[in-house]
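Participant: Please see the structure below; I have some questions.
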Amino acid sequence: MAKNPNDSVLHLAGIRKSYGSGALESEILHGLDLHLQRGEFAALIGPSGSGKSTLLNLIGLLDRPSGGELRIDGEDTGRLDDTGLTRLRGQRIGFVFQHHHLIPAFTAEENVAMPLLIARGRPDAAMFERAGHLLDQVGLNDRKQHLANQLSGGQQQRVAIARALVMNPSLVLADEPTGNLDTHSADEVFKLLREVNRQQNTTFLIVTHDPRLAARCDRIVELVDGRIVADRAHAPA
Amino acid sequence: MQSLLIVVGVGVGVAVIVFMSALLSGLQANLIKRTLSSQAHITLLPPEEIARPQQSTGETALRLQKQAQRLRAIDQWQTLRDRLETWPEIAAVSPIAAGPAFAVRGDANKAVTVLGIEPEHYNRVVALADRLTAGQLRVGAGETVIGIELAKDLGAEVGDKLRLTAADGRSDTLTVTGLFDLGNKGVNARNVYVGLRTAQSLLDLVGGVSSIDLALHDLDLAEKVARRIAAETGLTADSWIKTNAQFVTALTSQRVSSNVIRFFIALSVAFGIASVLVVSVIQRGKEIGILRAMGATQAQMRRIFLLQGGIVGFFGSLLGSALAWCFLMLWQLLARNPDGTPMFVIGVEPGLVAIAAAGASLVGILSALLPARRAAKLDPVVAIRG
């Protein structure tokens with residue numbers, strides 16, 4: 001595996017995160033190293049309280065590490081201010097959450113186009129064309145003009161995936177993407193993530209509690225008490 | 001739903017403000033118009049006569065008795081009139097010879113004020129011709145126009161004769177050519193209009209006038225113009241603002257109290273908008289977090305909520321103006337004179353609506369400042385997780 005940080009989509013070196021200060025300071029993450037190459041499809045597993053969500057927030061640039069180096073596409077995030085982080089997050093990282101977090105007052109298409117709208121400031125035809133194309137890809141070509149709250153849970157999560165992909169991100173972070181869905185929908189959504197990964201060579205990091213889901217990824221990173229205790233390549237079943 | 005409620009709330013607030021403003025300005029304009037319908041904007045009088053102690057005797061006066069004011073003429077009034085007519089602020093100049101007399105008809109005997117006028121000039125100061133109830137405004141030699149109260153007291157009609165007797169015994173017999181109603185009982189009972197020459201001979205003011213009435217283009221300038229005339233001519237110049245001091249004070253305090261009420265309505269509207277937006281920031285915490293995660297900057301989040309405040313204010317003000325217009329139409333329908341004409345004309349001026357819309361939008365944006373700040377500062381991690 002290449003260790004040159006500039007080749008990695010994600011490069012973590014000695015990442016620490018602690019909350020509080022002085023006597024109350026408690027360290028959640030104790031110096032993590034992790035690299036994800038282009039096209040990897042990795043699972044991040046671990047018990048509750050192991051620091052998975054904290055790590056995901058750091059990688060997603062929603063929070064800053066207390067120490068260590070964090071590079072996205074080779075870009076050192078330690079030197080960026082809030083605006084720089086926001087820009088990098090918007091362009092390079094796509095989020096899929098356990099709860100879809102669509103905006104209910106907007107249609108599926110508008111929700112998918114939202115990141116483009118935020119980046120460009122005003123709507124244009126091209127962004128809705130791209131949103132429509134992505135909705136075709138996730139199998140919702142007949143639901144484009146439905147309001148977000150008129151869709152089923154599985155459909156909403158697919159809209160959320162289309163939204164995560166609309167900026168053509170290098171890295172998609174998925175936090176329990178199927179946690180809220182029934183088995184059938186969960187399977188469909190997982191297949192969709194996998195398909196995007198294969199077709200577009202997008203890197204995925206999927207946080208999950210579900211061992212069966214993790215077993216279907218190429219690589220499993222296990223986090224326990226703020227330390228990576230296992231990181232193994234895995235041939236999906 | 002919430003937005004709808006707050007737009008209605010803003011609308012009601014704006015409606016009350018607009019309605020009150022329109023009603024008040026209509027009412028005040030009407031009051032001023034009525035008050036000034038029988039008055040000049042500025043009246044010029046000869047300077048007061050002041051008793052001066054004689055200096056030559058070397059004795060000191062213990063007490064100065066104030067001089068009784070005689071009926072006197074204004075010096076050089078023709079020159080003064082010609083000069084005042086060139087002032088741009090002045091709309092009309094009307095010389096008047098006025099003094100006390102008795103009106104006698106049969107057994108009836110009434111104390112009156114004789115006003116000698118040049119009707120074509122006087123009519124531009126006090127619209128007497130419009131206020132006639134009978135006859136016409138004609139005050140040639142031997143003709144007079146009297147008020148309806150005096151006519152009643154003397155039992156006189158148009159075409160009847162009456163006799164005016166001045167204090168020193170001079171008298172004249174005149175034919176009533178018209179009756180007026182200036183909307184003021186005292187004026188209707190007291191004022192007797194005659195030609196300027198008739199009054200001059202009756203009051204022993206041959207060739208002179210006792211006062212000059214002025215009408216201005218802009219009522220509010222009366223005091224300023226009056227002071228300037230007084231300074232330039234040495235005459236006493238009384239503006240309507242000074243002669244109706246109590247009335248003007250009443251109008252001013254009415255305006256002040258309405259401003260206070262308006263201010264507090266605006267304040268409560270602002271608090272209403274702010275509280276709705278604060279709740280909406282809390283409710284939409286997750287959406288805000290998501291938008292932030294998708295690359296929306298703090299400035300963008302702030303703009304969204306400021307804009308929302310402004311939009312709520314703007315649409316609220318449009319709704320409010322429409323409501324106010326309905327109130328005003330209703331008011332005009334209900335508040336009528338006994339003869340069925342509207343008591344006074346009020347309308348929603350476009351300017352007032354524009355000011356209300358701009359003001360409410362501004363209030364909306366200002367009251368959104370705090371919620372918008374809150375939305376921008378929201379930690380996306382907490383927002384999404386919470």
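Chain labels run A, B, ... following the order of the structure tokens; each chain numbers its residues from 1, and ligands are numbered from 1 in the order shown.
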Any idea which chain B residues end up within 9 Å of chain A if we count only C-alpha atoms, as a list in words please?

Facilitator: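 On the chain B side, the interface is Lys286, Glu287, Ile290, Leu291, Arg292, Ala293, Met294, Gly295, Ala296, Thr297, Gln298, Gln300, Asp379, Pro380, Val381 and Ile384 of chain B.
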
Participant: Keeping C-alpha atoms for every residue in the selection just given, could you write it to a file as a PDB file, in the first residue's frame?

Facilitator:
ATOM      1  CA  LYS B 286     -30.627  19.509  11.520  1.00  0.00           C
ATOM      2  CA  GLU B 287     -31.279  21.143   8.176  1.00  0.00           C
ATOM      3  CA  ILE B 290     -26.794  19.470   6.772  1.00  0.00           C
ATOM      4  CA  LEU B 291     -26.480  22.630   4.732  1.00  0.00           C
ATOM      5  CA  ARG B 292     -23.288  23.424   6.610  1.00  0.00           C
ATOM      6  CA  ALA B 293     -22.005  19.880   5.981  1.00  0.00           C
ATOM      7  CA  MET B 294     -22.775  20.354   2.294  1.00  0.00           C
ATOM      8  CA  GLY B 295     -20.499  23.348   2.163  1.00  0.00           C
ATOM      9  CA  ALA B 296     -22.728  26.286   3.147  1.00  0.00           C
ATOM     10  CA  THR B 297     -20.653  28.952   4.879  1.00  0.00           C
ATOM     11  CA  GLN B 298     -21.636  30.761   8.070  1.00  0.00           C
ATOM     12  CA  GLN B 300     -24.671  31.987   3.763  1.00  0.00           C
ATOM     13  CA  ASP B 379     -22.145  23.545  15.397  1.00  0.00           C
ATOM     14  CA  PRO B 380     -23.012  21.195  12.514  1.00  0.00           C
ATOM     15  CA  VAL B 381     -21.871  18.160  14.506  1.00  0.00           C
ATOM     16  CA  ILE B 384     -26.842  16.686  12.979  1.00  0.00           C
TER      17      ILE B 384
END

Participant: Where does DSSP see strand (DSSP E or B) in range 86-278 of chain B, if you list the residues as a PyMOL selection string?

Facilitator: chain B and resi 90-105+108-117+132-135+143-147+161-166+171-180+191-195+211-216+236-239

Participant: Identify all residues of range 162-217 of chain B in alpha helix (DSSP H) (DSSP on the backbone) and supply them as a PyMOL selection string.

Facilitator: chain B and resi 185-190+196-202

Participant: Between CA of Ala15 in chain B and CA of Cys326 in chain B, what is the distance, to one decimal in Å?

Facilitator: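 So the two atoms, CA of Ala15 in chain B and CA of Cys326 in chain B, lie 9.5 Å apart.
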
Participant: Which is closer to Val166 in chain A than all the others in A:Pro47, A:Gly74, A:Gly132, A:Gly68, using only C-alpha atoms?

Facilitator: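 Of A:Pro47, A:Gly74, A:Gly132, A:Gly68, the one nearest Val166 in chain A, counting only C-alpha atoms, is A:Gly132.
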
Participant: Find the residues near range 231-235 of chain B: any atom within 9 Å, counting only C-alpha atoms, skip ones fewer than 6 places away on the same chain, and give them as a VMD selection string.

Facilitator: chain B and resid 44 to 48 74 80

Participant: Mind writing the picked residues with C-alpha atoms as a short mmCIF file (atom, residue, chain, number, x, y, z; two decimals), in the first residue's frame?

Facilitator:
data_model
loop_
_atom_site.label_atom_id
_atom_site.label_comp_id
_atom_site.auth_asym_id
_atom_site.auth_seq_id
_atom_site.Cartn_x
_atom_site.Cartn_y
_atom_site.Cartn_z
CA LEU B 44 -50.51 91.93 10.34
CA LEU B 45 -51.46 94.61 12.86
CA PRO B 46 -50.01 98.02 13.64
CA PRO B 47 -47.30 97.88 16.31
CA GLU B 48 -48.56 98.01 19.87
CA ILE B 74 -51.16 100.58 9.10
CA LEU B 80 -46.46 97.02 2.01
#

Participant: Leaving out Ile304 in chain B and any residue of its chain fewer than 2 positions from it, which residues lie within 12 Å of it when counting only C-alpha atoms, given as a list in words?

Facilitator: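 Contacts, with the query itself left out: Ile118 and Gly121 of chain A; Leu277, Ser280, Val281, Ile288, Leu291, Ala296, Thr297, Gln298, Ala299, Gln300, Met301, Arg302, Leu306, Leu307, Gln308, Gly309, Gly310, Ile311, Ile365, Ala368, Leu369, Pro371, Ala372, Arg373, Ala375 and Ala376 of chain B.
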
Participant: Between CA of His184 in chain A and CA of Leu147 in chain A, what is the distance, to one decimal in Å?

Facilitator: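 Those two atoms sit 22.9 Å apart.
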
Participant: Please identify all polymer residues within 10 Å of Arg216 in chain A, counting only C-alpha atoms, omitting same-chain residues fewer than 3 positions from it, and present them as a list in words.

Facilitator: Phe41, Ala42, Ala43, Phe190, Lys191, Arg194, Pro211, Arg212, Leu213, Arg219, Ile220, His234, Ala235, Pro236 and Ala237 of chain A

Participant: I want to know what sits within 7 Å of range 31-41 of chain B, based on only C-alpha atoms, with residues of the same chain fewer than 3 positions away left out; could you give that as a VMD selection string?

Facilitator: chain B and resid 27 to 28 125 to 127 182 213 to 216 222 239 to 240

Participant: May I have the residues within 10 Å of Asp153 in chain B as a tab-separated table (two decimals) with N, CA and C atoms, in the first residue's frame, using only C-alpha atoms and disregarding those fewer than 2 positions away in the same chain?

Facilitator:
chain	number	residue	atom	x	y	z
B	105	ARG	N	-81.59	96.43	13.44
B	105	ARG	CA	-82.69	96.22	12.50
B	105	ARG	C	-83.96	96.12	13.34
B	108	ALA	N	-84.08	94.92	17.09
B	108	ALA	CA	-82.88	94.13	17.40
B	108	ALA	C	-81.63	94.98	17.26
B	109	ASN	N	-80.69	94.74	18.19
B	109	ASN	CA	-79.47	95.53	18.24
B	109	ASN	C	-78.33	94.60	18.67
B	110	LYS	N	-77.38	94.40	17.76
B	110	LYS	CA	-76.32	93.43	18.07
B	110	LYS	C	-74.95	94.08	17.92
B	148	ILE	N	-75.05	83.63	9.21
B	148	ILE	CA	-76.41	83.10	9.38
B	148	ILE	C	-76.93	83.32	10.80
B	149	GLU	N	-76.03	83.35	11.80
B	149	GLU	CA	-76.48	83.57	13.18
B	149	GLU	C	-77.01	84.99	13.35
B	150	LEU	N	-76.24	85.93	12.82
B	150	LEU	CA	-76.65	87.33	12.92
B	150	LEU	C	-77.96	87.53	12.18
B	151	ALA	N	-78.07	86.89	11.01
B	151	ALA	CA	-79.30	87.01	10.22
B	151	ALA	C	-80.49	86.54	11.04
B	155	GLY	N	-83.36	88.73	12.28
B	155	GLY	CA	-84.50	88.36	11.45
B	155	GLY	C	-84.35	88.88	10.03
B	156	ALA	N	-83.12	88.89	9.54
B	156	ALA	CA	-82.88	89.47	8.22
B	156	ALA	C	-82.69	88.39	7.17
B	189	ALA	N	-72.09	84.95	14.09
B	189	ALA	CA	-72.91	85.95	14.77
B	189	ALA	C	-72.26	87.32	14.75
